[in-house]
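Undergrad: Got a structure for you, structure.cif, holding mmCIF, C-alpha atoms, pLDDT in the B column; chains and numbers go by the auth columns.
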data_upload
loop_
_atom_site.group_PDB
_atom_site.id
_atom_site.type_symbol
_atom_site.label_atom_id
_atom_site.label_comp_id
_atom_site.label_asym_id
_atom_site.label_seq_id
_atom_site.Cartn_x
_atom_site.Cartn_y
_atom_site.Cartn_z
_atom_site.B_iso_or_equiv
_atom_site.auth_seq_id
_atom_site.auth_asym_id
ATOM 1 C CA LEU A 1 -184.839 185.610 218.995 45.00 977 A
ATOM 2 C CA LYS A 2 -186.145 182.136 218.314 44.00 978 A
ATOM 3 C CA MET A 3 -183.638 179.311 218.169 47.00 979 A
ATOM 4 C CA ALA A 4 -183.665 176.244 215.973 47.00 980 A
ATOM 5 C CA ALA A 5 -181.724 173.102 216.738 42.00 981 A
ATOM 6 C CA SER A 6 -179.603 172.002 213.819 39.00 982 A
ATOM 7 C CA GLU A 7 -179.910 168.600 212.189 40.00 983 A
ATOM 8 C CA LEU A 8 -176.254 167.710 212.708 35.00 984 A
ATOM 9 C CA GLY A 9 -176.856 165.336 215.601 35.00 985 A
ATOM 10 C CA ASN A 10 -175.334 167.681 218.174 36.00 986 A
ATOM 11 C CA ALA A 11 -177.719 169.230 220.689 35.00 987 A
ATOM 12 C CA ASP A 12 -175.159 171.933 221.500 36.00 988 A
ATOM 13 C CA TYR A 13 -175.619 173.491 218.052 37.00 989 A
ATOM 14 C CA GLU A 14 -178.388 176.051 218.107 63.00 990 A
ATOM 15 C CA TRP A 15 -179.109 178.587 215.449 75.00 991 A
ATOM 16 C CA GLU A 16 -180.075 182.143 216.226 87.00 992 A
ATOM 17 C CA PHE A 17 -182.235 183.753 213.596 92.00 993 A
ATOM 18 C CA ILE A 18 -181.262 187.281 212.586 92.00 994 A
ATOM 19 C CA GLU A 19 -184.937 188.251 212.394 92.00 995 A
ATOM 20 C CA PRO A 20 -187.698 186.531 214.420 90.00 996 A
ATOM 21 C CA PRO A 21 -189.384 183.931 212.161 91.00 997 A
ATOM 22 C CA ALA A 22 -193.087 184.265 211.451 93.00 998 A
ATOM 23 C CA ALA A 23 -195.428 182.437 213.799 92.00 999 A
ATOM 24 C CA ASP A 24 -196.545 180.325 210.823 92.00 1000 A
ATOM 25 C CA PHE A 25 -193.200 178.553 211.039 94.00 1001 A
ATOM 26 C CA ASP A 26 -193.831 177.313 214.589 93.00 1002 A
ATOM 27 C CA CYS A 27 -194.482 173.675 215.369 94.00 1003 A
ATOM 28 C CA GLU A 28 -197.864 173.347 217.090 94.00 1004 A
ATOM 29 C CA MET A 29 -196.453 170.813 219.538 94.00 1005 A
ATOM 30 C CA CYS A 30 -193.030 172.098 220.639 91.00 1006 A
ATOM 31 C CA HIS A 31 -193.688 175.724 219.605 91.00 1007 A
ATOM 32 C CA ASN A 32 -190.167 176.038 218.173 90.00 1008 A
ATOM 33 C CA VAL A 33 -189.331 176.715 214.548 92.00 1009 A
ATOM 34 C CA LEU A 34 -190.288 173.682 212.472 93.00 1010 A
ATOM 35 C CA ARG A 35 -187.683 171.044 211.728 89.00 1011 A
ATOM 36 C CA GLU A 36 -188.686 168.800 208.810 92.00 1012 A
ATOM 37 C CA PRO A 37 -192.177 170.398 208.694 95.00 1013 A
ATOM 38 C CA PHE A 38 -195.064 168.021 208.152 96.00 1014 A
ATOM 39 C CA LEU A 39 -198.549 169.223 207.239 96.00 1015 A
ATOM 40 C CA THR A 40 -201.648 167.353 208.394 94.00 1016 A
ATOM 41 C CA THR A 41 -204.303 166.619 205.790 92.00 1017 A
ATOM 42 C CA CYS A 42 -207.108 166.903 208.337 93.00 1018 A
ATOM 43 C CA CYS A 43 -206.686 170.498 209.544 93.00 1019 A
ATOM 44 C CA GLY A 44 -203.557 171.856 207.878 94.00 1020 A
ATOM 45 C CA SER A 45 -201.535 172.029 211.077 95.00 1021 A
ATOM 46 C CA HIS A 46 -197.736 171.964 211.042 96.00 1022 A
ATOM 47 C CA PHE A 47 -195.576 169.725 213.214 96.00 1023 A
ATOM 48 C CA CYS A 48 -191.905 168.832 213.347 94.00 1024 A
ATOM 49 C CA GLN A 49 -191.358 165.294 212.145 94.00 1025 A
ATOM 50 C CA ALA A 50 -189.638 164.374 215.414 93.00 1026 A
ATOM 51 C CA CYS A 51 -192.586 165.759 217.409 94.00 1027 A
ATOM 52 C CA VAL A 52 -195.382 164.043 215.504 93.00 1028 A
ATOM 53 C CA ASP A 53 -193.753 160.689 214.668 93.00 1029 A
ATOM 54 C CA PRO A 54 -194.590 159.196 218.102 93.00 1030 A
ATOM 55 C CA VAL A 55 -198.212 160.299 217.670 92.00 1031 A
ATOM 56 C CA VAL A 56 -198.438 158.469 214.352 90.00 1032 A
ATOM 57 C CA LYS A 57 -196.687 155.350 215.625 90.00 1033 A
ATOM 58 C CA GLU A 58 -199.013 155.125 218.613 90.00 1034 A
ATOM 59 C CA GLY A 59 -202.118 155.657 216.460 89.00 1035 A
ATOM 60 C CA LYS A 60 -203.212 158.736 218.386 91.00 1036 A
ATOM 61 C CA PRO A 61 -205.481 161.439 216.900 92.00 1037 A
ATOM 62 C CA CYS A 62 -204.264 164.743 215.494 93.00 1038 A
ATOM 63 C CA PRO A 63 -202.942 166.895 218.382 93.00 1039 A
ATOM 64 C CA SER A 64 -204.643 169.975 216.896 93.00 1040 A
ATOM 65 C CA CYS A 65 -208.129 168.964 215.773 92.00 1041 A
ATOM 66 C CA GLY A 66 -208.531 165.523 217.294 91.00 1042 A
ATOM 67 C CA GLU A 67 -209.073 163.777 213.949 86.00 1043 A
ATOM 68 C CA GLY A 68 -208.744 160.100 214.608 82.00 1044 A
ATOM 69 C CA GLU A 69 -206.876 159.074 211.475 82.00 1045 A
ATOM 70 C CA LEU A 70 -203.809 161.279 211.264 87.00 1046 A
ATOM 71 C CA THR A 71 -202.190 161.552 207.841 89.00 1047 A
ATOM 72 C CA MET A 72 -199.458 163.996 206.878 91.00 1048 A
ATOM 73 C CA ILE A 73 -197.222 165.111 204.034 94.00 1049 A
ATOM 74 C CA LEU A 74 -193.815 166.762 204.087 95.00 1050 A
ATOM 75 C CA ASP A 75 -194.368 170.474 203.454 96.00 1051 A
ATOM 76 C CA LYS A 76 -191.466 171.169 201.116 96.00 1052 A
ATOM 77 C CA LYS A 77 -192.580 174.733 200.405 96.00 1053 A
ATOM 78 C CA THR A 78 -192.521 175.675 204.080 96.00 1054 A
ATOM 79 C CA LYS A 79 -189.202 173.875 204.492 95.00 1055 A
ATOM 80 C CA ARG A 80 -187.687 175.952 201.673 96.00 1056 A
ATOM 81 C CA LYS A 81 -188.950 179.159 203.262 96.00 1057 A
ATOM 82 C CA ILE A 82 -187.482 178.247 206.651 94.00 1058 A
ATOM 83 C CA PHE A 83 -184.171 177.235 205.068 93.00 1059 A
ATOM 84 C CA SER A 84 -183.973 180.642 203.362 95.00 1060 A
ATOM 85 C CA LEU A 85 -184.063 182.499 206.706 94.00 1061 A
ATOM 86 C CA ASP A 86 -180.816 184.105 207.830 95.00 1062 A
ATOM 87 C CA VAL A 87 -179.154 182.696 210.938 94.00 1063 A
ATOM 88 C CA ARG A 88 -176.011 183.346 212.910 93.00 1064 A
ATOM 89 C CA CYS A 89 -173.412 180.593 213.290 93.00 1065 A
ATOM 90 C CA PRO A 90 -173.807 178.819 216.651 90.00 1066 A
ATOM 91 C CA MET A 91 -170.085 179.416 217.170 93.00 1067 A
ATOM 92 C CA TRP A 92 -170.629 183.173 217.305 92.00 1068 A
ATOM 93 C CA ARG A 93 -169.871 183.185 221.022 91.00 1069 A
ATOM 94 C CA ARG A 94 -166.416 181.858 220.139 94.00 1070 A
ATOM 95 C CA GLY A 95 -165.958 184.624 217.598 96.00 1071 A
ATOM 96 C CA CYS A 96 -167.429 183.369 214.298 96.00 1072 A
ATOM 97 C CA LYS A 97 -168.967 186.224 212.288 95.00 1073 A
ATOM 98 C CA TRP A 98 -170.751 184.031 209.718 96.00 1074 A
ATOM 99 C CA VAL A 99 -174.328 184.898 208.826 96.00 1075 A
ATOM 100 C CA GLY A 100 -176.130 182.966 206.123 95.00 1076 A
ATOM 101 C CA GLU A 101 -179.215 181.024 205.179 95.00 1077 A
ATOM 102 C CA LEU A 102 -180.273 178.194 207.472 93.00 1078 A
ATOM 103 C CA GLY A 103 -180.059 175.838 204.495 92.00 1079 A
ATOM 104 C CA ASP A 104 -176.323 176.549 204.185 94.00 1080 A
ATOM 105 C CA ARG A 105 -175.537 175.756 207.800 91.00 1081 A
ATOM 106 C CA SER A 106 -174.288 172.223 207.216 90.00 1082 A
ATOM 107 C CA ASP A 107 -171.774 173.356 204.613 94.00 1083 A
ATOM 108 C CA HIS A 108 -170.497 176.060 206.945 95.00 1084 A
ATOM 109 C CA LEU A 109 -169.937 173.677 209.866 93.00 1085 A
ATOM 110 C CA ASP A 110 -168.879 170.582 207.945 93.00 1086 A
ATOM 111 C CA GLU A 111 -165.804 169.143 209.694 91.00 1087 A
ATOM 112 C CA LYS A 112 -164.080 168.161 206.479 90.00 1088 A
ATOM 113 C CA ASP A 113 -164.890 170.956 204.036 92.00 1089 A
ATOM 114 C CA GLY A 114 -166.606 173.668 206.117 94.00 1090 A
ATOM 115 C CA ASP A 115 -165.229 177.163 206.543 95.00 1091 A
ATOM 116 C CA CYS A 116 -166.137 177.825 210.184 97.00 1092 A
ATOM 117 C CA GLN A 117 -162.839 178.313 211.996 97.00 1093 A
ATOM 118 C CA PHE A 118 -164.393 177.982 215.439 97.00 1094 A
ATOM 119 C CA VAL A 119 -166.081 174.586 215.168 95.00 1095 A
ATOM 120 C CA ASP A 120 -164.430 171.593 216.836 96.00 1096 A
ATOM 121 C CA VAL A 121 -162.803 169.144 214.418 96.00 1097 A
ATOM 122 C CA ASN A 122 -160.983 165.851 214.847 96.00 1098 A
ATOM 123 C CA CYS A 123 -157.206 165.830 214.687 97.00 1099 A
ATOM 124 C CA SER A 124 -156.150 164.717 211.206 95.00 1100 A
ATOM 125 C CA ASN A 125 -153.478 162.493 212.775 96.00 1101 A
ATOM 126 C CA ALA A 126 -156.214 160.479 214.515 94.00 1102 A
ATOM 127 C CA CYS A 127 -154.795 161.145 217.963 96.00 1103 A
ATOM 128 C CA GLY A 128 -158.307 161.346 219.398 96.00 1104 A
ATOM 129 C CA GLY A 129 -158.113 165.056 220.123 96.00 1105 A
ATOM 130 C CA ARG A 130 -160.662 167.659 219.046 97.00 1106 A
ATOM 131 C CA VAL A 131 -159.737 171.304 218.619 97.00 1107 A
ATOM 132 C CA GLN A 132 -161.197 174.350 216.939 97.00 1108 A
ATOM 133 C CA ARG A 133 -160.405 174.343 213.218 97.00 1109 A
ATOM 134 C CA ARG A 134 -158.343 177.535 213.567 97.00 1110 A
ATOM 135 C CA GLU A 135 -156.197 175.852 216.235 97.00 1111 A
ATOM 136 C CA LEU A 136 -155.559 172.676 214.234 97.00 1112 A
ATOM 137 C CA PRO A 137 -152.261 173.793 212.610 97.00 1113 A
ATOM 138 C CA THR A 138 -150.785 174.628 216.027 98.00 1114 A
ATOM 139 C CA HIS A 139 -152.070 171.365 217.478 98.00 1115 A
ATOM 140 C CA LEU A 140 -150.508 169.349 214.648 98.00 1116 A
ATOM 141 C CA LYS A 141 -147.186 171.131 215.008 97.00 1117 A
ATOM 142 C CA GLN A 142 -146.835 171.455 218.773 97.00 1118 A
ATOM 143 C CA ALA A 143 -149.328 169.385 220.763 97.00 1119 A
ATOM 144 C CA CYS A 144 -150.455 166.303 218.852 98.00 1120 A
ATOM 145 C CA PRO A 145 -148.952 163.121 220.349 98.00 1121 A
ATOM 146 C CA LYS A 146 -149.098 161.543 216.881 98.00 1122 A
ATOM 147 C CA ARG A 147 -147.089 164.269 215.146 98.00 1123 A
ATOM 148 C CA ALA A 148 -143.806 163.307 213.489 97.00 1124 A
ATOM 149 C CA TYR A 149 -140.960 163.789 215.937 98.00 1125 A
ATOM 150 C CA VAL A 150 -137.191 163.306 215.854 98.00 1126 A
ATOM 151 C CA CYS A 151 -135.493 162.219 219.054 98.00 1127 A
ATOM 152 C CA ASP A 152 -133.764 165.118 220.799 97.00 1128 A
ATOM 153 C CA TYR A 153 -130.665 163.001 221.292 97.00 1129 A
ATOM 154 C CA CYS A 154 -130.300 160.876 218.137 97.00 1130 A
ATOM 155 C CA PRO A 155 -131.648 160.685 214.555 97.00 1131 A
ATOM 156 C CA PHE A 156 -134.435 158.243 215.434 98.00 1132 A
ATOM 157 C CA GLU A 157 -137.798 159.455 214.115 98.00 1133 A
ATOM 158 C CA ALA A 158 -141.333 158.308 214.910 98.00 1134 A
ATOM 159 C CA THR A 159 -144.439 159.853 216.433 98.00 1135 A
ATOM 160 C CA PHE A 160 -144.010 162.051 219.488 98.00 1136 A
ATOM 161 C CA ASP A 161 -145.627 159.554 221.832 97.00 1137 A
ATOM 162 C CA VAL A 162 -143.490 156.665 220.575 98.00 1138 A
ATOM 163 C CA VAL A 163 -140.262 158.671 220.858 98.00 1139 A
ATOM 164 C CA THR A 164 -140.949 160.031 224.344 97.00 1140 A
ATOM 165 C CA THR A 165 -142.549 156.976 225.969 97.00 1141 A
ATOM 166 C CA GLN A 166 -140.782 154.079 224.236 98.00 1142 A
ATOM 167 C CA HIS A 167 -137.636 155.119 222.424 98.00 1143 A
ATOM 168 C CA TRP A 168 -136.277 157.246 225.254 98.00 1144 A
ATOM 169 C CA GLN A 169 -136.347 154.155 227.445 97.00 1145 A
ATOM 170 C CA VAL A 170 -133.680 152.529 225.262 97.00 1146 A
ATOM 171 C CA CYS A 171 -131.999 155.393 223.410 97.00 1147 A
ATOM 172 C CA GLY A 172 -128.229 155.106 223.885 97.00 1148 A
ATOM 173 C CA TYR A 173 -127.825 158.866 223.688 97.00 1149 A
ATOM 174 C CA PHE A 174 -130.505 159.663 226.262 97.00 1150 A
ATOM 175 C CA PRO A 175 -128.900 161.511 229.206 96.00 1151 A
ATOM 176 C CA LEU A 176 -129.212 159.781 232.566 96.00 1152 A
ATOM 177 C CA PRO A 177 -128.228 161.188 235.947 93.00 1153 A
ATOM 178 C CA CYS A 178 -125.230 159.623 237.588 92.00 1154 A
ATOM 179 C CA PRO A 179 -126.568 157.338 240.349 92.00 1155 A
ATOM 180 C CA ASN A 180 -123.841 158.719 242.609 89.00 1156 A
ATOM 181 C CA LYS A 181 -124.905 162.312 241.982 90.00 1157 A
ATOM 182 C CA CYS A 182 -121.392 163.314 241.063 90.00 1158 A
ATOM 183 C CA ASP A 183 -120.389 166.627 239.512 88.00 1159 A
ATOM 184 C CA VAL A 184 -120.650 165.202 236.003 88.00 1160 A
ATOM 185 C CA GLY A 185 -124.436 165.415 236.288 86.00 1161 A
ATOM 186 C CA ARG A 186 -125.870 163.493 233.347 93.00 1162 A
ATOM 187 C CA VAL A 187 -124.267 160.859 231.165 95.00 1163 A
ATOM 188 C CA GLU A 188 -125.435 159.283 227.920 96.00 1164 A
ATOM 189 C CA ARG A 189 -127.001 155.861 228.543 96.00 1165 A
ATOM 190 C CA GLN A 190 -124.417 154.154 226.349 96.00 1166 A
ATOM 191 C CA ASN A 191 -121.586 155.673 228.407 95.00 1167 A
ATOM 192 C CA LEU A 192 -123.058 155.184 231.866 95.00 1168 A
ATOM 193 C CA GLU A 193 -121.402 151.841 232.555 92.00 1169 A
ATOM 194 C CA GLN A 194 -117.967 153.233 231.707 94.00 1170 A
ATOM 195 C CA HIS A 195 -118.652 156.364 233.724 93.00 1171 A
ATOM 196 C CA LEU A 196 -119.402 154.323 236.835 92.00 1172 A
ATOM 197 C CA LYS A 197 -116.023 152.661 236.496 89.00 1173 A
ATOM 198 C CA GLU A 198 -114.407 156.088 236.607 89.00 1174 A
ATOM 199 C CA CYS A 199 -116.791 158.034 238.852 86.00 1175 A
ATOM 200 C CA SER A 200 -115.002 159.440 241.871 85.00 1176 A
ATOM 201 C CA LEU A 201 -118.032 158.731 244.052 85.00 1177 A
ATOM 202 C CA GLN A 202 -118.494 155.120 242.965 84.00 1178 A
ATOM 203 C CA GLU A 203 -118.009 152.685 245.845 78.00 1179 A
ATOM 204 C CA VAL A 204 -115.399 149.985 245.236 73.00 1180 A
ATOM 205 C CA GLU A 205 -114.212 147.023 247.260 71.00 1181 A
ATOM 206 C CA CYS A 206 -111.031 147.554 249.216 72.00 1182 A
ATOM 207 C CA ASP A 207 -108.182 145.426 247.923 66.00 1183 A
ATOM 208 C CA PHE A 208 -106.977 144.838 251.480 67.00 1184 A
ATOM 209 C CA SER A 209 -110.229 143.798 253.110 61.00 1185 A
#
Would you mind writing the file out in structure tokens?
TA:
Amino acid sequence: LKMAASELGNADYEWEFIEPPAADFDCEMCHNVLREPFLTTCCGSHFCQACVDPVVKEGKPCPSCGEGELTMILDKKTKRKIFSLDVRCPMWRRGCKWVGELGDRSDHLDEKDGDCQFVDVNCSNACGGRVQRRELPTHLKQACPKRAYVCDYCPFEATFDVVTTQHWQVCGYFPLPCPNKCDVGRVERQNLEQHLKECSLQEVECDFS
């Protein structure tokens, strides 16, 4: 089936038509389904705007008939017909079952308000991560470094990354291993100094030396 690139600025998004589009909907330059179809006034040929724009800017003749002065108009009727064709969501390989008109594709994939559960979206905590929409709740709860997090050892609360990379470096309740590797194992940071005074493996100076 013929594919059409979407107009969402992402080359990875391609749309598979449920039924092969008519040949009349092909661009006469790239031979794909027209995107922003423009109609020439000289011979009635159709071109994608992106395909024919360089021709116009460079002052070249019509690619179809060779007319020297190329003028065009946006073919809104053809655009409406193309936008009414049924397509499959480009995320179908991930499991999306959506089928709808090409003209509705943007609404389906919209990161903010779309309903496609398989499209990648930005983390709402602005952590920089991108996950499939359906995985966002789990990401926010379990994986996002910017999620709210309470220290495992005291009531201090901040984001996960702040707690684990900054607060734990100073938390008085954070368990530290005894430097002497005694049987006590780990001691709260605030109690470590006292522990070393009592640790059976702590070296001390001999009173008689």
Undergrad: Could you give me, as a tab-separated table (two decimals) with C-alpha atoms, keeping the file's coordinate frame, the residues within 8 Å of range 999-1007 of chain A, counting all atoms listed in the file and dropping anything in the same chain fewer than 5 positions from it?
TA:
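Full text of result_5.tsv as output:
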chain	number	residue	atom	x	y	z
A	1013	PRO	CA	-192.18	170.40	208.69
A	1021	SER	CA	-201.54	172.03	211.08
A	1022	HIS	CA	-197.74	171.96	211.04
A	1023	PHE	CA	-195.58	169.72	213.21
A	1024	CYS	CA	-191.90	168.83	213.35
A	1027	CYS	CA	-192.59	165.76	217.41
A	1028	VAL	CA	-195.38	164.04	215.50
A	1039	PRO	CA	-202.94	166.90	218.38
A	1040	SER	CA	-204.64	169.98	216.90
A	1054	THR	CA	-192.52	175.68	204.08
A	1058	ILE	CA	-187.48	178.25	206.65
Undergrad: Calculate how many Å separate CA of Gln1178 in chain A from CA of Gln1145 in chain A, rounding to one decimal.
TA: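 Separation between CA of Gln1178 in chain A and CA of Gln1145 in chain A: 23.7 Å.
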Undergrad: I would like the residues chosen by the PyMOL selection byres ((chain A and resi 1105) around 12) on the shown file; could you give them as a PyMOL selection string?
TA: chain A and resi 1096-1104+1106-1109+1111-1112+1115-1116+1119-1122
Undergrad: Point out the residue among A:Trp1074, A:Trp991, A:Tyr1149, A:Trp1068 with the least atom-to-atom distance to Pro1131 in chain A, counting only C-alpha atoms.
TA: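 Ranking A:Trp1074, A:Trp991, A:Tyr1149, A:Trp1068 by distance to Pro1131 in chain A, first place goes to A:Tyr1149.
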Undergrad: Tell me which of A:Leu1046, A:Cys1158, A:Val1095, A:Val1009 sits closest to Arg1069 in chain A, counting only C-alpha atoms.
TA: A:Val1095
Undergrad: Counting all atoms listed in the file, select every polymer residue within 10 Å of (-131.3, 160.0, 226.3) as defined in the file's coordinates, and provide the selection as a list in words.
TA: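 Here the neighbourhood of the point contains Cys1127, Asp1128, Tyr1129, Cys1130, Thr1140, His1143, Trp1144, Gln1145, Val1146, Cys1147, Gly1148, Tyr1149, Phe1150, Pro1151, Leu1152, Arg1162, Val1163, Glu1164, Arg1165 and Gln1166 of chain A.
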Undergrad: Could you tell me, as a PyMOL selection string, exactly which residues end up selected when the PyMOL selection byres ((chain A and resi 1075-1080) around 8) is applied to this structure?
TA: chain A and resi 1058-1065+1073-1074+1081-1084
Undergrad: Suppose you want the space between CA of Cys1038 in chain A and CA of Gly1020 in chain A; what is it in Å?
TA: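 CA of Gly1020 in chain A lies 10.4 Å from CA of Cys1038 in chain A.
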Undergrad: Suppose you want the space between CA of Cys1154 in chain A and CA of Glu1169 in chain A; what is it in Å?
TA: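 Interatomic distance here is 10.0 Å.
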Undergrad: Just checking: using all atoms listed in the file, which residue out of A:Pro1066, A:Asp1091, A:Asn1156, A:Thr1141 ends up closest to Lys1173 in chain A?
TA: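 With all atoms listed in the file as the atom set, the closest residue is A:Asn1156.
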Undergrad: For range 1017-1026 of chain A, which lacks atoms in the input, supply all heavy atoms and format the output as an mmCIF file, in the coordinates of the input.
TA:
data_model
loop_
_atom_site.group_PDB
_atom_site.id
_atom_site.type_symbol
_atom_site.label_atom_id
_atom_site.label_comp_id
_atom_site.auth_asym_id
_atom_site.auth_seq_id
_atom_site.Cartn_x
_atom_site.Cartn_y
_atom_site.Cartn_z
ATOM 1 N N THR A 1017 -203.259 166.500 206.819
ATOM 2 C CA THR A 1017 -204.303 166.619 205.790
ATOM 3 C C THR A 1017 -205.663 166.907 206.392
ATOM 4 O O THR A 1017 -206.590 167.333 205.689
ATOM 5 C CB THR A 1017 -204.382 165.321 204.969
ATOM 6 O OG1 THR A 1017 -204.642 164.221 205.844
ATOM 7 C CG2 THR A 1017 -203.070 165.073 204.231
ATOM 8 N N CYS A 1018 -205.800 166.709 207.706
ATOM 9 C CA CYS A 1018 -207.108 166.903 208.337
ATOM 10 C C CYS A 1018 -207.391 168.378 208.617
ATOM 11 O O CYS A 1018 -208.493 168.871 208.348
ATOM 12 C CB CYS A 1018 -207.195 166.098 209.629
ATOM 13 S SG CYS A 1018 -205.815 166.366 210.779
ATOM 14 N N CYS A 1019 -206.418 169.102 209.157
ATOM 15 C CA CYS A 1019 -206.686 170.498 209.544
ATOM 16 C C CYS A 1019 -205.606 171.464 209.096
ATOM 17 O O CYS A 1019 -205.672 172.661 209.404
ATOM 18 C CB CYS A 1019 -206.880 170.600 211.054
ATOM 19 S SG CYS A 1019 -205.435 170.104 212.024
ATOM 20 N N GLY A 1020 -204.587 170.960 208.390
ATOM 21 C CA GLY A 1020 -203.557 171.856 207.878
ATOM 22 C C GLY A 1020 -202.588 172.349 208.929
ATOM 23 O O GLY A 1020 -201.952 173.391 208.743
ATOM 24 N N SER A 1021 -202.473 171.633 210.031
ATOM 25 C CA SER A 1021 -201.535 172.029 211.077
ATOM 26 C C SER A 1021 -200.118 171.577 210.732
ATOM 27 O O SER A 1021 -199.924 170.595 210.009
ATOM 28 C CB SER A 1021 -201.940 171.416 212.422
ATOM 29 O OG SER A 1021 -203.185 171.920 212.844
ATOM 30 N N HIS A 1022 -199.140 172.292 211.279
ATOM 31 C CA HIS A 1022 -197.736 171.964 211.042
ATOM 32 C C HIS A 1022 -197.105 171.381 212.308
ATOM 33 O O HIS A 1022 -197.309 171.898 213.411
ATOM 34 C CB HIS A 1022 -196.950 173.215 210.623
ATOM 35 C CG HIS A 1022 -197.109 173.560 209.185
ATOM 36 N ND1 HIS A 1022 -197.900 174.599 208.737
ATOM 37 C CD2 HIS A 1022 -196.571 172.999 208.060
ATOM 38 C CE1 HIS A 1022 -197.845 174.667 207.422
ATOM 39 N NE2 HIS A 1022 -197.052 173.714 206.984
ATOM 40 N N PHE A 1023 -196.325 170.330 212.111
ATOM 41 C CA PHE A 1023 -195.576 169.725 213.214
ATOM 42 C C PHE A 1023 -194.176 169.352 212.730
ATOM 43 O O PHE A 1023 -193.978 169.016 211.556
ATOM 44 C CB PHE A 1023 -196.264 168.453 213.722
ATOM 45 C CG PHE A 1023 -197.676 168.652 214.186
ATOM 46 C CD1 PHE A 1023 -198.747 168.235 213.403
ATOM 47 C CD2 PHE A 1023 -197.937 169.259 215.406
ATOM 48 C CE1 PHE A 1023 -200.048 168.413 213.829
ATOM 49 C CE2 PHE A 1023 -199.249 169.442 215.844
ATOM 50 C CZ PHE A 1023 -200.313 169.020 215.044
ATOM 51 N N CYS A 1024 -193.220 169.393 213.649
ATOM 52 C CA CYS A 1024 -191.905 168.832 213.347
ATOM 53 C C CYS A 1024 -192.060 167.319 213.188
ATOM 54 O O CYS A 1024 -192.867 166.693 213.890
ATOM 55 C CB CYS A 1024 -190.908 169.077 214.487
ATOM 56 S SG CYS A 1024 -190.618 170.794 214.917
ATOM 57 N N GLN A 1025 -191.292 166.738 212.318
ATOM 58 C CA GLN A 1025 -191.358 165.294 212.145
ATOM 59 C C GLN A 1025 -191.057 164.572 213.456
ATOM 60 O O GLN A 1025 -191.741 163.608 213.817
ATOM 61 C CB GLN A 1025 -190.374 164.840 211.066
ATOM 62 C CG GLN A 1025 -190.414 163.338 210.816
ATOM 63 C CD GLN A 1025 -189.451 162.902 209.728
ATOM 64 O OE1 GLN A 1025 -188.585 163.663 209.304
ATOM 65 N NE2 GLN A 1025 -189.592 161.676 209.276
ATOM 66 N N ALA A 1026 -190.026 165.035 214.160
ATOM 67 C CA ALA A 1026 -189.638 164.374 215.414
ATOM 68 C C ALA A 1026 -190.742 164.486 216.466
ATOM 69 O O ALA A 1026 -190.887 163.593 217.307
ATOM 70 C CB ALA A 1026 -188.343 164.973 215.946
#
